[in-house]
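Engineer: My structure is stored as my_file_29.cif, with mmCIF, N, CA and C atoms.
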```cif
data_entry
loop_
_atom_site.label_atom_id
_atom_site.label_comp_id
_atom_site.auth_asym_id
_atom_site.auth_seq_id
_atom_site.Cartn_x
_atom_site.Cartn_y
_atom_site.Cartn_z
N MET G 11 15.19 -16.87 21.86
CA MET G 11 13.90 -17.33 21.41
C MET G 11 13.33 -18.28 22.45
N THR G 12 12.07 -18.05 22.81
CA THR G 12 11.37 -18.92 23.74
C THR G 12 10.00 -19.25 23.16
N LEU G 13 9.35 -20.25 23.75
CA LEU G 13 8.03 -20.69 23.30
C LEU G 13 7.05 -20.54 24.46
N PRO G 14 6.43 -19.35 24.61
CA PRO G 14 5.56 -19.12 25.76
C PRO G 14 4.24 -19.86 25.70
N GLY G 15 3.83 -20.32 24.53
CA GLY G 15 2.57 -21.05 24.40
C GLY G 15 2.65 -22.00 23.22
N ASP G 16 1.64 -22.84 23.07
CA ASP G 16 1.63 -23.85 22.01
C ASP G 16 1.67 -23.28 20.60
N THR G 17 1.22 -22.04 20.45
CA THR G 17 1.18 -21.44 19.11
C THR G 17 2.05 -20.18 19.03
N GLU G 18 2.91 -19.96 20.00
CA GLU G 18 3.65 -18.69 20.09
C GLU G 18 5.16 -18.89 20.08
N VAL G 19 5.83 -17.89 19.53
CA VAL G 19 7.28 -17.77 19.58
C VAL G 19 7.58 -16.37 20.09
N LEU G 20 8.49 -16.25 21.05
CA LEU G 20 8.89 -14.94 21.57
C LEU G 20 10.37 -14.75 21.28
N ILE G 21 10.67 -13.69 20.55
CA ILE G 21 12.04 -13.34 20.22
C ILE G 21 12.40 -12.11 21.04
N THR G 22 13.51 -12.15 21.76
CA THR G 22 13.95 -11.03 22.59
C THR G 22 15.39 -10.72 22.26
N ARG G 23 15.69 -9.43 22.12
CA ARG G 23 17.05 -9.01 21.80
C ARG G 23 17.27 -7.63 22.40
N GLU G 24 18.44 -7.42 22.99
CA GLU G 24 18.80 -6.10 23.52
C GLU G 24 19.80 -5.44 22.58
N PHE G 25 19.59 -4.14 22.35
CA PHE G 25 20.45 -3.35 21.48
C PHE G 25 21.09 -2.22 22.27
N GLU G 26 22.29 -1.85 21.89
CA GLU G 26 23.01 -0.76 22.56
C GLU G 26 22.72 0.57 21.88
N VAL G 27 21.48 0.79 21.50
CA VAL G 27 21.06 2.05 20.86
C VAL G 27 19.67 2.41 21.34
N PRO G 28 19.31 3.69 21.25
CA PRO G 28 17.97 4.11 21.65
C PRO G 28 16.87 3.52 20.76
N ALA G 29 15.68 3.44 21.31
CA ALA G 29 14.54 2.84 20.62
C ALA G 29 14.22 3.53 19.30
N HIS G 30 14.35 4.86 19.24
CA HIS G 30 13.97 5.55 18.01
C HIS G 30 14.86 5.15 16.83
N LEU G 31 16.11 4.75 17.11
CA LEU G 31 17.00 4.31 16.02
C LEU G 31 16.66 2.89 15.57
N VAL G 32 16.30 2.03 16.51
CA VAL G 32 15.86 0.67 16.15
C VAL G 32 14.57 0.76 15.34
N TYR G 33 13.65 1.59 15.78
CA TYR G 33 12.38 1.78 15.08
C TYR G 33 12.61 2.31 13.65
N ARG G 34 13.48 3.29 13.54
CA ARG G 34 13.78 3.86 12.22
C ARG G 34 14.35 2.79 11.29
N ALA G 35 15.30 1.99 11.79
CA ALA G 35 15.89 0.93 10.98
C ALA G 35 14.84 -0.13 10.62
N TRP G 36 13.89 -0.37 11.53
CA TRP G 36 12.85 -1.39 11.32
C TRP G 36 11.81 -0.95 10.30
N THR G 37 11.61 0.36 10.12
CA THR G 37 10.48 0.85 9.32
C THR G 37 10.86 1.60 8.05
N THR G 38 12.13 1.81 7.78
CA THR G 38 12.57 2.59 6.62
C THR G 38 13.04 1.64 5.52
N PRO G 39 12.37 1.64 4.36
CA PRO G 39 12.68 0.65 3.32
C PRO G 39 14.16 0.51 2.97
N GLU G 40 14.86 1.60 2.74
CA GLU G 40 16.27 1.48 2.34
C GLU G 40 17.14 0.91 3.47
N LEU G 41 16.71 1.10 4.72
CA LEU G 41 17.44 0.53 5.86
C LEU G 41 17.08 -0.95 6.04
N ILE G 42 15.82 -1.30 5.84
CA ILE G 42 15.38 -2.70 5.94
C ILE G 42 16.18 -3.55 4.96
N LYS G 43 16.43 -3.04 3.78
CA LYS G 43 17.20 -3.80 2.78
C LYS G 43 18.59 -4.16 3.30
N ARG G 44 19.11 -3.37 4.22
CA ARG G 44 20.47 -3.61 4.73
C ARG G 44 20.53 -4.68 5.81
N TRP G 45 19.41 -4.97 6.48
CA TRP G 45 19.47 -5.91 7.60
C TRP G 45 18.56 -7.14 7.48
N TRP G 46 17.43 -7.02 6.82
CA TRP G 46 16.38 -8.03 6.92
C TRP G 46 16.82 -9.43 6.45
N GLY G 47 17.63 -9.52 5.43
CA GLY G 47 18.02 -10.83 4.91
C GLY G 47 19.14 -11.50 5.67
N GLY G 48 19.69 -10.82 6.68
CA GLY G 48 20.81 -11.40 7.41
C GLY G 48 21.94 -11.71 6.46
N ASP G 49 22.45 -12.92 6.54
CA ASP G 49 23.51 -13.38 5.63
C ASP G 49 22.96 -14.39 4.62
N ARG G 50 21.64 -14.39 4.45
CA ARG G 50 20.97 -15.44 3.67
C ARG G 50 20.72 -15.09 2.22
N GLY G 51 21.01 -13.85 1.81
CA GLY G 51 20.76 -13.46 0.44
C GLY G 51 20.64 -11.95 0.31
N GLU G 52 20.11 -11.51 -0.81
CA GLU G 52 19.97 -10.08 -1.09
C GLU G 52 18.50 -9.69 -1.08
N VAL G 53 18.19 -8.68 -0.28
CA VAL G 53 16.83 -8.16 -0.24
C VAL G 53 16.66 -7.29 -1.49
N THR G 54 15.71 -7.68 -2.33
CA THR G 54 15.55 -7.02 -3.63
C THR G 54 14.39 -6.04 -3.67
N SER G 55 13.44 -6.18 -2.74
CA SER G 55 12.28 -5.31 -2.75
C SER G 55 11.74 -5.13 -1.34
N VAL G 56 11.48 -3.89 -0.96
CA VAL G 56 10.86 -3.59 0.33
C VAL G 56 9.79 -2.53 0.09
N GLU G 57 8.57 -2.87 0.46
CA GLU G 57 7.45 -1.93 0.38
C GLU G 57 6.91 -1.75 1.79
N VAL G 58 6.76 -0.50 2.22
CA VAL G 58 6.26 -0.20 3.56
C VAL G 58 5.24 0.94 3.46
N ASP G 59 4.01 0.65 3.83
CA ASP G 59 2.97 1.67 3.96
C ASP G 59 2.63 1.74 5.44
N LEU G 60 3.45 2.49 6.19
CA LEU G 60 3.46 2.48 7.65
C LEU G 60 2.29 3.28 8.22
N ARG G 61 1.13 2.63 8.23
CA ARG G 61 -0.08 3.19 8.82
C ARG G 61 -1.00 2.03 9.12
N VAL G 62 -1.90 2.22 10.07
CA VAL G 62 -2.86 1.16 10.39
C VAL G 62 -3.67 0.87 9.13
N GLY G 63 -3.69 -0.40 8.75
CA GLY G 63 -4.35 -0.82 7.51
C GLY G 63 -3.40 -0.83 6.32
N GLY G 64 -2.22 -0.25 6.48
CA GLY G 64 -1.23 -0.24 5.41
C GLY G 64 -0.57 -1.61 5.28
N ARG G 65 -0.03 -1.85 4.12
CA ARG G 65 0.59 -3.15 3.83
C ARG G 65 2.11 -3.02 3.77
N TRP G 66 2.76 -4.15 4.05
CA TRP G 66 4.21 -4.24 3.88
C TRP G 66 4.51 -5.51 3.10
N ARG G 67 5.65 -5.50 2.38
CA ARG G 67 6.09 -6.68 1.65
C ARG G 67 7.60 -6.61 1.46
N TYR G 68 8.29 -7.71 1.77
CA TYR G 68 9.74 -7.83 1.59
C TYR G 68 10.00 -9.05 0.71
N VAL G 69 10.93 -8.90 -0.24
CA VAL G 69 11.31 -9.99 -1.13
C VAL G 69 12.84 -10.11 -1.11
N MET G 70 13.31 -11.34 -1.06
CA MET G 70 14.74 -11.60 -1.03
C MET G 70 15.07 -12.70 -2.03
N THR G 71 16.20 -12.53 -2.72
CA THR G 71 16.77 -13.63 -3.49
C THR G 71 17.77 -14.30 -2.57
N ALA G 72 17.44 -15.53 -2.19
CA ALA G 72 18.28 -16.26 -1.24
C ALA G 72 19.56 -16.73 -1.92
N ASN G 73 20.54 -17.06 -1.09
CA ASN G 73 21.84 -17.49 -1.61
C ASN G 73 21.73 -18.69 -2.55
N GLY G 74 20.70 -19.50 -2.40
CA GLY G 74 20.50 -20.64 -3.30
C GLY G 74 19.89 -20.27 -4.64
N GLY G 75 19.62 -18.97 -4.84
CA GLY G 75 19.09 -18.49 -6.11
C GLY G 75 17.58 -18.44 -6.20
N PHE G 76 16.88 -18.86 -5.16
CA PHE G 76 15.42 -18.83 -5.19
C PHE G 76 14.91 -17.57 -4.48
N GLU G 77 13.70 -17.18 -4.83
CA GLU G 77 13.11 -15.97 -4.27
C GLU G 77 12.13 -16.32 -3.15
N VAL G 78 12.18 -15.54 -2.07
CA VAL G 78 11.22 -15.69 -0.98
C VAL G 78 10.59 -14.34 -0.70
N GLY G 79 9.31 -14.37 -0.41
CA GLY G 79 8.59 -13.14 -0.11
C GLY G 79 7.74 -13.29 1.14
N PHE G 80 7.60 -12.19 1.84
CA PHE G 80 6.75 -12.11 3.03
C PHE G 80 5.93 -10.84 2.91
N HIS G 81 4.71 -10.86 3.42
CA HIS G 81 3.90 -9.65 3.41
C HIS G 81 2.95 -9.66 4.61
N GLY G 82 2.35 -8.50 4.85
CA GLY G 82 1.38 -8.39 5.93
C GLY G 82 0.70 -7.05 5.93
N VAL G 83 -0.11 -6.85 6.97
CA VAL G 83 -0.90 -5.63 7.15
C VAL G 83 -0.64 -5.10 8.55
N TYR G 84 -0.42 -3.80 8.66
CA TYR G 84 -0.22 -3.17 9.97
C TYR G 84 -1.57 -3.03 10.67
N ARG G 85 -1.63 -3.48 11.93
CA ARG G 85 -2.87 -3.43 12.72
C ARG G 85 -2.83 -2.32 13.78
N GLU G 86 -1.63 -2.08 14.33
CA GLU G 86 -1.49 -1.05 15.38
C GLU G 86 -0.05 -0.53 15.31
N ILE G 87 0.09 0.80 15.46
CA ILE G 87 1.42 1.42 15.41
C ILE G 87 1.49 2.50 16.48
N VAL G 88 2.51 2.42 17.31
CA VAL G 88 2.86 3.49 18.25
C VAL G 88 4.33 3.78 17.96
N PRO G 89 4.63 4.90 17.27
CA PRO G 89 6.01 5.16 16.87
C PRO G 89 7.00 4.99 18.02
N ASN G 90 8.11 4.33 17.70
CA ASN G 90 9.23 4.08 18.62
C ASN G 90 8.89 3.11 19.75
N GLU G 91 7.69 2.51 19.75
CA GLU G 91 7.29 1.63 20.85
C GLU G 91 6.65 0.31 20.42
N LEU G 92 5.76 0.34 19.42
CA LEU G 92 4.94 -0.83 19.16
C LEU G 92 4.52 -0.90 17.69
N ILE G 93 4.62 -2.10 17.12
CA ILE G 93 4.05 -2.38 15.80
C ILE G 93 3.38 -3.75 15.88
N VAL G 94 2.10 -3.79 15.57
CA VAL G 94 1.38 -5.05 15.48
C VAL G 94 1.00 -5.23 14.01
N SER G 95 1.40 -6.38 13.45
CA SER G 95 1.09 -6.63 12.05
C SER G 95 0.93 -8.12 11.80
N THR G 96 0.26 -8.44 10.71
CA THR G 96 0.20 -9.81 10.27
C THR G 96 1.47 -10.10 9.47
N GLU G 97 1.78 -11.40 9.32
CA GLU G 97 2.91 -11.81 8.49
C GLU G 97 2.55 -13.11 7.79
N VAL G 98 2.80 -13.13 6.48
CA VAL G 98 2.55 -14.32 5.67
C VAL G 98 3.81 -14.63 4.89
N PHE G 99 4.32 -15.85 5.04
CA PHE G 99 5.38 -16.35 4.17
C PHE G 99 4.67 -16.79 2.90
N GLU G 100 5.04 -16.19 1.78
CA GLU G 100 4.30 -16.45 0.54
C GLU G 100 4.44 -17.89 0.05
N GLY G 101 5.42 -18.63 0.57
CA GLY G 101 5.56 -20.04 0.24
C GLY G 101 4.60 -20.93 1.01
N ALA G 102 3.97 -20.38 2.05
CA ALA G 102 2.98 -21.12 2.86
C ALA G 102 1.89 -20.14 3.27
N PRO G 103 1.07 -19.71 2.31
CA PRO G 103 0.13 -18.61 2.57
C PRO G 103 -0.94 -18.86 3.61
N ASP G 104 -1.18 -20.11 4.00
CA ASP G 104 -2.20 -20.36 5.01
C ASP G 104 -1.63 -20.33 6.42
N GLY G 105 -0.35 -19.99 6.57
CA GLY G 105 0.29 -19.96 7.88
C GLY G 105 0.48 -18.56 8.44
N GLU G 106 -0.49 -17.68 8.20
CA GLU G 106 -0.38 -16.29 8.68
C GLU G 106 -0.19 -16.24 10.19
N SER G 107 0.68 -15.31 10.62
CA SER G 107 0.87 -15.07 12.06
C SER G 107 0.52 -13.62 12.37
N LEU G 108 0.31 -13.36 13.65
CA LEU G 108 0.13 -12.00 14.14
C LEU G 108 1.36 -11.69 14.99
N ASN G 109 2.09 -10.66 14.59
CA ASN G 109 3.35 -10.32 15.24
C ASN G 109 3.22 -9.01 16.00
N THR G 110 3.65 -9.03 17.27
CA THR G 110 3.65 -7.83 18.09
C THR G 110 5.09 -7.49 18.43
N LEU G 111 5.57 -6.39 17.86
CA LEU G 111 6.92 -5.88 18.11
C LEU G 111 6.83 -4.80 19.17
N THR G 112 7.58 -4.97 20.25
CA THR G 112 7.61 -3.99 21.33
C THR G 112 9.04 -3.54 21.54
N LEU G 113 9.25 -2.23 21.61
CA LEU G 113 10.56 -1.65 21.90
C LEU G 113 10.49 -0.95 23.25
N THR G 114 11.38 -1.31 24.15
CA THR G 114 11.41 -0.71 25.48
C THR G 114 12.82 -0.16 25.71
N GLU G 115 12.91 1.14 25.94
CA GLU G 115 14.20 1.78 26.12
C GLU G 115 14.47 2.06 27.60
N LYS G 116 15.70 1.79 28.01
CA LYS G 116 16.14 2.11 29.36
C LYS G 116 17.61 2.50 29.28
N GLU G 117 17.90 3.72 29.72
CA GLU G 117 19.26 4.25 29.76
C GLU G 117 19.97 4.11 28.42
N GLY G 118 19.27 4.44 27.34
CA GLY G 118 19.86 4.44 26.01
C GLY G 118 19.98 3.09 25.35
N ARG G 119 19.54 2.03 26.03
CA ARG G 119 19.54 0.68 25.47
C ARG G 119 18.10 0.27 25.19
N THR G 120 17.92 -0.55 24.19
CA THR G 120 16.57 -0.94 23.79
C THR G 120 16.41 -2.45 23.82
N THR G 121 15.33 -2.90 24.46
CA THR G 121 14.95 -4.31 24.39
C THR G 121 13.85 -4.44 23.36
N LEU G 122 14.10 -5.29 22.38
CA LEU G 122 13.14 -5.59 21.33
C LEU G 122 12.52 -6.95 21.66
N GLU G 123 11.20 -7.00 21.62
CA GLU G 123 10.48 -8.27 21.77
C GLU G 123 9.53 -8.41 20.60
N ILE G 124 9.52 -9.58 20.02
CA ILE G 124 8.55 -9.90 18.97
C ILE G 124 7.80 -11.14 19.42
N LEU G 125 6.52 -10.98 19.68
CA LEU G 125 5.67 -12.12 20.00
C LEU G 125 4.95 -12.52 18.71
N VAL G 126 5.25 -13.72 18.24
CA VAL G 126 4.65 -14.26 17.01
C VAL G 126 3.58 -15.25 17.43
N ARG G 127 2.33 -14.97 17.02
CA ARG G 127 1.21 -15.84 17.35
C ARG G 127 0.68 -16.50 16.08
N HIS G 128 0.72 -17.81 16.06
CA HIS G 128 0.19 -18.58 14.94
C HIS G 128 -1.19 -19.11 15.30
N ALA G 129 -2.00 -19.42 14.29
CA ALA G 129 -3.33 -19.97 14.54
C ALA G 129 -3.26 -21.42 15.00
N LYS G 130 -2.23 -22.13 14.53
CA LYS G 130 -2.10 -23.56 14.85
C LYS G 130 -0.68 -23.89 15.28
N ARG G 131 -0.57 -24.88 16.15
CA ARG G 131 0.75 -25.32 16.60
C ARG G 131 1.60 -25.81 15.42
N GLU G 132 0.98 -26.48 14.44
CA GLU G 132 1.71 -26.97 13.28
C GLU G 132 2.37 -25.83 12.52
N HIS G 133 1.69 -24.69 12.43
CA HIS G 133 2.26 -23.52 11.75
C HIS G 133 3.45 -22.98 12.54
N ARG G 134 3.29 -22.90 13.86
CA ARG G 134 4.40 -22.45 14.71
C ARG G 134 5.60 -23.38 14.55
N ASP G 135 5.35 -24.68 14.60
CA ASP G 135 6.45 -25.64 14.50
C ASP G 135 7.13 -25.57 13.14
N ALA G 136 6.36 -25.39 12.07
CA ALA G 136 6.95 -25.25 10.73
C ALA G 136 7.81 -23.99 10.68
N HIS G 137 7.35 -22.92 11.31
CA HIS G 137 8.11 -21.66 11.37
C HIS G 137 9.45 -21.90 12.07
N ILE G 138 9.41 -22.55 13.22
CA ILE G 138 10.63 -22.83 13.98
C ILE G 138 11.57 -23.74 13.18
N ASN G 139 11.02 -24.77 12.55
CA ASN G 139 11.82 -25.75 11.82
C ASN G 139 12.37 -25.22 10.50
N SER G 140 11.96 -24.01 10.11
CA SER G 140 12.45 -23.42 8.86
C SER G 140 13.87 -22.88 8.98
N GLY G 141 14.43 -22.91 10.19
CA GLY G 141 15.74 -22.31 10.41
C GLY G 141 15.65 -20.86 10.82
N MET G 142 14.45 -20.45 11.22
CA MET G 142 14.22 -19.03 11.52
C MET G 142 15.07 -18.52 12.66
N GLU G 143 15.43 -19.36 13.63
CA GLU G 143 16.19 -18.84 14.77
C GLU G 143 17.57 -18.35 14.34
N VAL G 144 18.27 -19.13 13.53
CA VAL G 144 19.59 -18.72 13.06
C VAL G 144 19.46 -17.51 12.14
N GLY G 145 18.50 -17.55 11.23
CA GLY G 145 18.28 -16.42 10.33
C GLY G 145 17.90 -15.16 11.07
N MET G 146 17.06 -15.29 12.10
CA MET G 146 16.66 -14.13 12.90
C MET G 146 17.86 -13.56 13.64
N GLN G 147 18.72 -14.41 14.17
CA GLN G 147 19.91 -13.94 14.86
C GLN G 147 20.80 -13.12 13.92
N GLU G 148 20.99 -13.61 12.70
CA GLU G 148 21.77 -12.86 11.72
C GLU G 148 21.12 -11.52 11.42
N SER G 149 19.81 -11.54 11.21
CA SER G 149 19.09 -10.29 10.92
C SER G 149 19.20 -9.30 12.08
N MET G 150 19.07 -9.79 13.32
CA MET G 150 19.17 -8.91 14.48
C MET G 150 20.58 -8.32 14.61
N ASP G 151 21.61 -9.10 14.28
CA ASP G 151 22.98 -8.56 14.29
C ASP G 151 23.11 -7.42 13.28
N HIS G 152 22.56 -7.63 12.09
CA HIS G 152 22.60 -6.59 11.05
C HIS G 152 21.74 -5.39 11.45
N LEU G 153 20.57 -5.65 12.04
CA LEU G 153 19.69 -4.56 12.49
C LEU G 153 20.42 -3.68 13.49
N GLU G 154 21.13 -4.30 14.43
CA GLU G 154 21.87 -3.50 15.41
C GLU G 154 22.94 -2.65 14.73
N ALA G 155 23.66 -3.23 13.78
CA ALA G 155 24.70 -2.48 13.06
C ALA G 155 24.09 -1.30 12.30
N VAL G 156 22.95 -1.52 11.66
CA VAL G 156 22.28 -0.44 10.92
C VAL G 156 21.81 0.64 11.89
N ALA G 157 21.19 0.25 13.00
CA ALA G 157 20.72 1.24 13.98
C ALA G 157 21.88 2.04 14.54
N LYS G 158 23.00 1.39 14.84
CA LYS G 158 24.19 2.11 15.36
C LYS G 158 24.71 3.10 14.33
N SER G 159 24.60 2.74 13.04
CA SER G 159 25.11 3.63 11.98
C SER G 159 24.29 4.91 11.87
N LEU G 160 23.11 4.96 12.49
CA LEU G 160 22.24 6.13 12.41
C LEU G 160 22.54 7.18 13.48
N ARG G 161 23.46 6.88 14.37
CA ARG G 161 23.77 7.83 15.46
C ARG G 161 24.31 9.12 14.92
#
```
Could I get this structure in the form of structure tokens?

Structural biologist:
Amino acid sequence: MTLPGDTEVLITREFEVPAHLVYRAWTTPELIKRWWGGDRGEVTSVEVDLRVGGRWRYVMTANGGFEVGFHGVYREIVPNELIVSTEVFEGAPDGESLNTLTLTEKEGRTTLEILVRHAKREHRDAHINSGMEVGMQESMDHLEAVAKSLR
């Protein structure tokens, strides 16, 4: 995780699987349930309307027994390469971000980049201070395991 700008977070991860498998794991509801929550709880609901203008929503019951939800709208989709969407943590609805997911494959390995752009530095800082880096690392570990299982 790096901070390329005052309102941005860049997440980069390399996977030992082709891009189409990472994309499939990222966009298929039953597969998202297996990785998205990391080790932080149970993903109880995943809705994906994978088209420009379509909506997505994920809900998890966290290990502490409380429910967290996130939702957004798809803005741009290039299968196996790019997804641009908004993201709103339902606990802080005025902190919407614009997320650009890019998958780049080279020799059967995939580099995933997520550029998260917030409207305000305070929103970016709150996102970082939420523990997102550790949670994202757990989720990415699970995402890689799910993608590998699709071979």

Engineer: Return as a tab-separated table the residues of segment 32-62 of chain G lying at most 12 Å from segment 104-111 of chain G, together with the closest atom-to-atom pair for each and the distance in Å to one decimal, counting only C-alpha atoms, with rows in chain order and ascending residue number.

Structural biologist:
```
residue	atom	partner	partner_atom	distance
G:Val32	CA	G:Leu111	CA	11.3
G:Tyr33	CA	G:Leu111	CA	9.9
G:Trp36	CA	G:Leu111	CA	10.1
G:Thr37	CA	G:Leu111	CA	11.6
```

Engineer: I'd like the interatomic distance between atom C of Met70 of chain G and atom C of Val94 of chain G, to a tenth of an Å.

Structural biologist: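 If I compute the distance from atom C of Met70 of chain G to atom C of Val94 of chain G, I get 22.6 Å.
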
Engineer: Name every residue that the PyMOL selection byres (((chain G and resi 92 and name CA) around 12) and name CA) selects in this structure, writing the answer as a count of residues only with chains first and numbers rising.

Structural biologist: 30

Engineer: Looking at G:Leu153, G:Val83, G:Val78, G:Met11, which one is nearest to Glu100 of chain G, with distances taken over all atoms listed in the file?

Structural biologist: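 Ranked by minimum distance to Glu100 of chain G, first place goes to G:Val78.
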
Engineer: Given the file shown, determine the residues that the PyMOL selection byres (((chain G and resi 79 and name CA) around 8) and name CA) selects; report them as a list in words.

Structural biologist: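 This file, filtered by the PyMOL selection byres (((chain G and resi 79 and name CA) around 8) and name CA), leaves Arg67, Tyr68, Val69, Met70, Glu77, Val78, Phe80, His81, Phe99, Glu100 and Gly101 of chain G.
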
Engineer: Using only N, CA and C atoms, please write the residues we just selected to a file, as a PDB file, in the coordinates of the input.

Structural biologist:
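And here is the file that came out, selection.pdb:
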```pdb
ATOM      1  N   ARG G  67       5.650  -5.500   2.380  1.00  0.00           N
ATOM      2  CA  ARG G  67       6.090  -6.680   1.650  1.00  0.00           C
ATOM      3  C   ARG G  67       7.600  -6.610   1.460  1.00  0.00           C
ATOM      4  N   TYR G  68       8.290  -7.710   1.770  1.00  0.00           N
ATOM      5  CA  TYR G  68       9.740  -7.830   1.590  1.00  0.00           C
ATOM      6  C   TYR G  68      10.000  -9.050   0.710  1.00  0.00           C
ATOM      7  N   VAL G  69      10.930  -8.900  -0.240  1.00  0.00           N
ATOM      8  CA  VAL G  69      11.310  -9.990  -1.130  1.00  0.00           C
ATOM      9  C   VAL G  69      12.840 -10.110  -1.110  1.00  0.00           C
ATOM     10  N   MET G  70      13.310 -11.340  -1.060  1.00  0.00           N
ATOM     11  CA  MET G  70      14.740 -11.600  -1.030  1.00  0.00           C
ATOM     12  C   MET G  70      15.070 -12.700  -2.030  1.00  0.00           C
ATOM     13  N   GLU G  77      13.700 -17.180  -4.830  1.00  0.00           N
ATOM     14  CA  GLU G  77      13.110 -15.970  -4.270  1.00  0.00           C
ATOM     15  C   GLU G  77      12.130 -16.320  -3.150  1.00  0.00           C
ATOM     16  N   VAL G  78      12.180 -15.540  -2.070  1.00  0.00           N
ATOM     17  CA  VAL G  78      11.220 -15.690  -0.980  1.00  0.00           C
ATOM     18  C   VAL G  78      10.590 -14.340  -0.700  1.00  0.00           C
ATOM     19  N   PHE G  80       7.600 -12.190   1.840  1.00  0.00           N
ATOM     20  CA  PHE G  80       6.750 -12.110   3.030  1.00  0.00           C
ATOM     21  C   PHE G  80       5.930 -10.840   2.910  1.00  0.00           C
ATOM     22  N   HIS G  81       4.710 -10.860   3.420  1.00  0.00           N
ATOM     23  CA  HIS G  81       3.900  -9.650   3.410  1.00  0.00           C
ATOM     24  C   HIS G  81       2.950  -9.660   4.610  1.00  0.00           C
ATOM     25  N   PHE G  99       4.320 -15.850   5.040  1.00  0.00           N
ATOM     26  CA  PHE G  99       5.380 -16.350   4.170  1.00  0.00           C
ATOM     27  C   PHE G  99       4.670 -16.790   2.900  1.00  0.00           C
ATOM     28  N   GLU G 100       5.040 -16.190   1.780  1.00  0.00           N
ATOM     29  CA  GLU G 100       4.300 -16.450   0.540  1.00  0.00           C
ATOM     30  C   GLU G 100       4.440 -17.890   0.050  1.00  0.00           C
ATOM     31  N   GLY G 101       5.420 -18.630   0.570  1.00  0.00           N
ATOM     32  CA  GLY G 101       5.560 -20.040   0.240  1.00  0.00           C
ATOM     33  C   GLY G 101       4.600 -20.930   1.010  1.00  0.00           C
TER      34      GLY G 101
END
```

Engineer: Out of segment 17-160 of chain G, which residues get strand (DSSP E or B) from DSSP, as number ranges by chain?

Structural biologist: G: 18-25, 51-58, 65-72, 77-88, 92-99, 107-116, 119-128

Engineer: Fewer than 3 positions away in the same chain doesn't count, so skip those; otherwise give me all residues within 6 Å of Arg131 of chain G, counting all atoms listed in the file, as a list in words.

Structural biologist: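 With the cut-off at 6 Å, the set is Asp16, Thr17, His128, Arg134, Asp135 and Ala136 of chain G.
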
Engineer: Can you work out the spacing between atom CA of Val126 of chain G and atom CA of Glu52 of chain G in Å, to one decimal?

Structural biologist: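 Distance between the two atoms: 24.1 Å.
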
Engineer: Rank nothing, just name the residue among G:Val27, G:Val58, G:Ile42, G:Leu13 nearest to Ser149 of chain G, using only C-alpha atoms.

Structural biologist: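 Using only C-alpha atoms, the shortest distance to Ser149 of chain G belongs to G:Ile42.
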
Engineer: Which is closer to Glu148 of chain G than all the others in G:Glu18, G:Glu24, G:Asp49, G:Glu40, using all atoms listed in the file?

Structural biologist: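 Distance minimum relative to Glu148 of chain G lands on G:Asp49.
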
Engineer: Apply DSSP to the structure's backbone, then extract all residues of chain G labelled helix (DSSP H, G or I) and return them as a ChimeraX atom specification.

Structural biologist: /G:29-37,39-45,131-139,142-159

Engineer: Please write the residues picked by the PyMOL selection byres (((chain G and resi 146 and name CA) around 12) and name CA) on this file as a PyMOL selection string.

Structural biologist: chain G and resi 11+20-23+45-50+124+137-138+140-145+147-153

Engineer: So how many Å separate atom N of Arg61 of chain G and atom C of Pro39 of chain G, to one decimal?

Structural biologist: 14.2 Å

Engineer: Please determine, counting only N, CA and C atoms, which residue among G:Thr96, G:Ala35, G:His133, G:Gly51 has the shortest atom-to-atom distance to Gly74 of chain G.

Structural biologist: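 For Gly74 of chain G, the nearest of the candidates is G:Gly51.
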
Engineer: Using only C-alpha atoms, which residue out of G:Val19, G:Leu60, G:Ala129, G:Ala102 lies closest to Arg34 of chain G?

Structural biologist: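 Checking each candidate against Arg34 of chain G, we get G:Leu60 as the closest.
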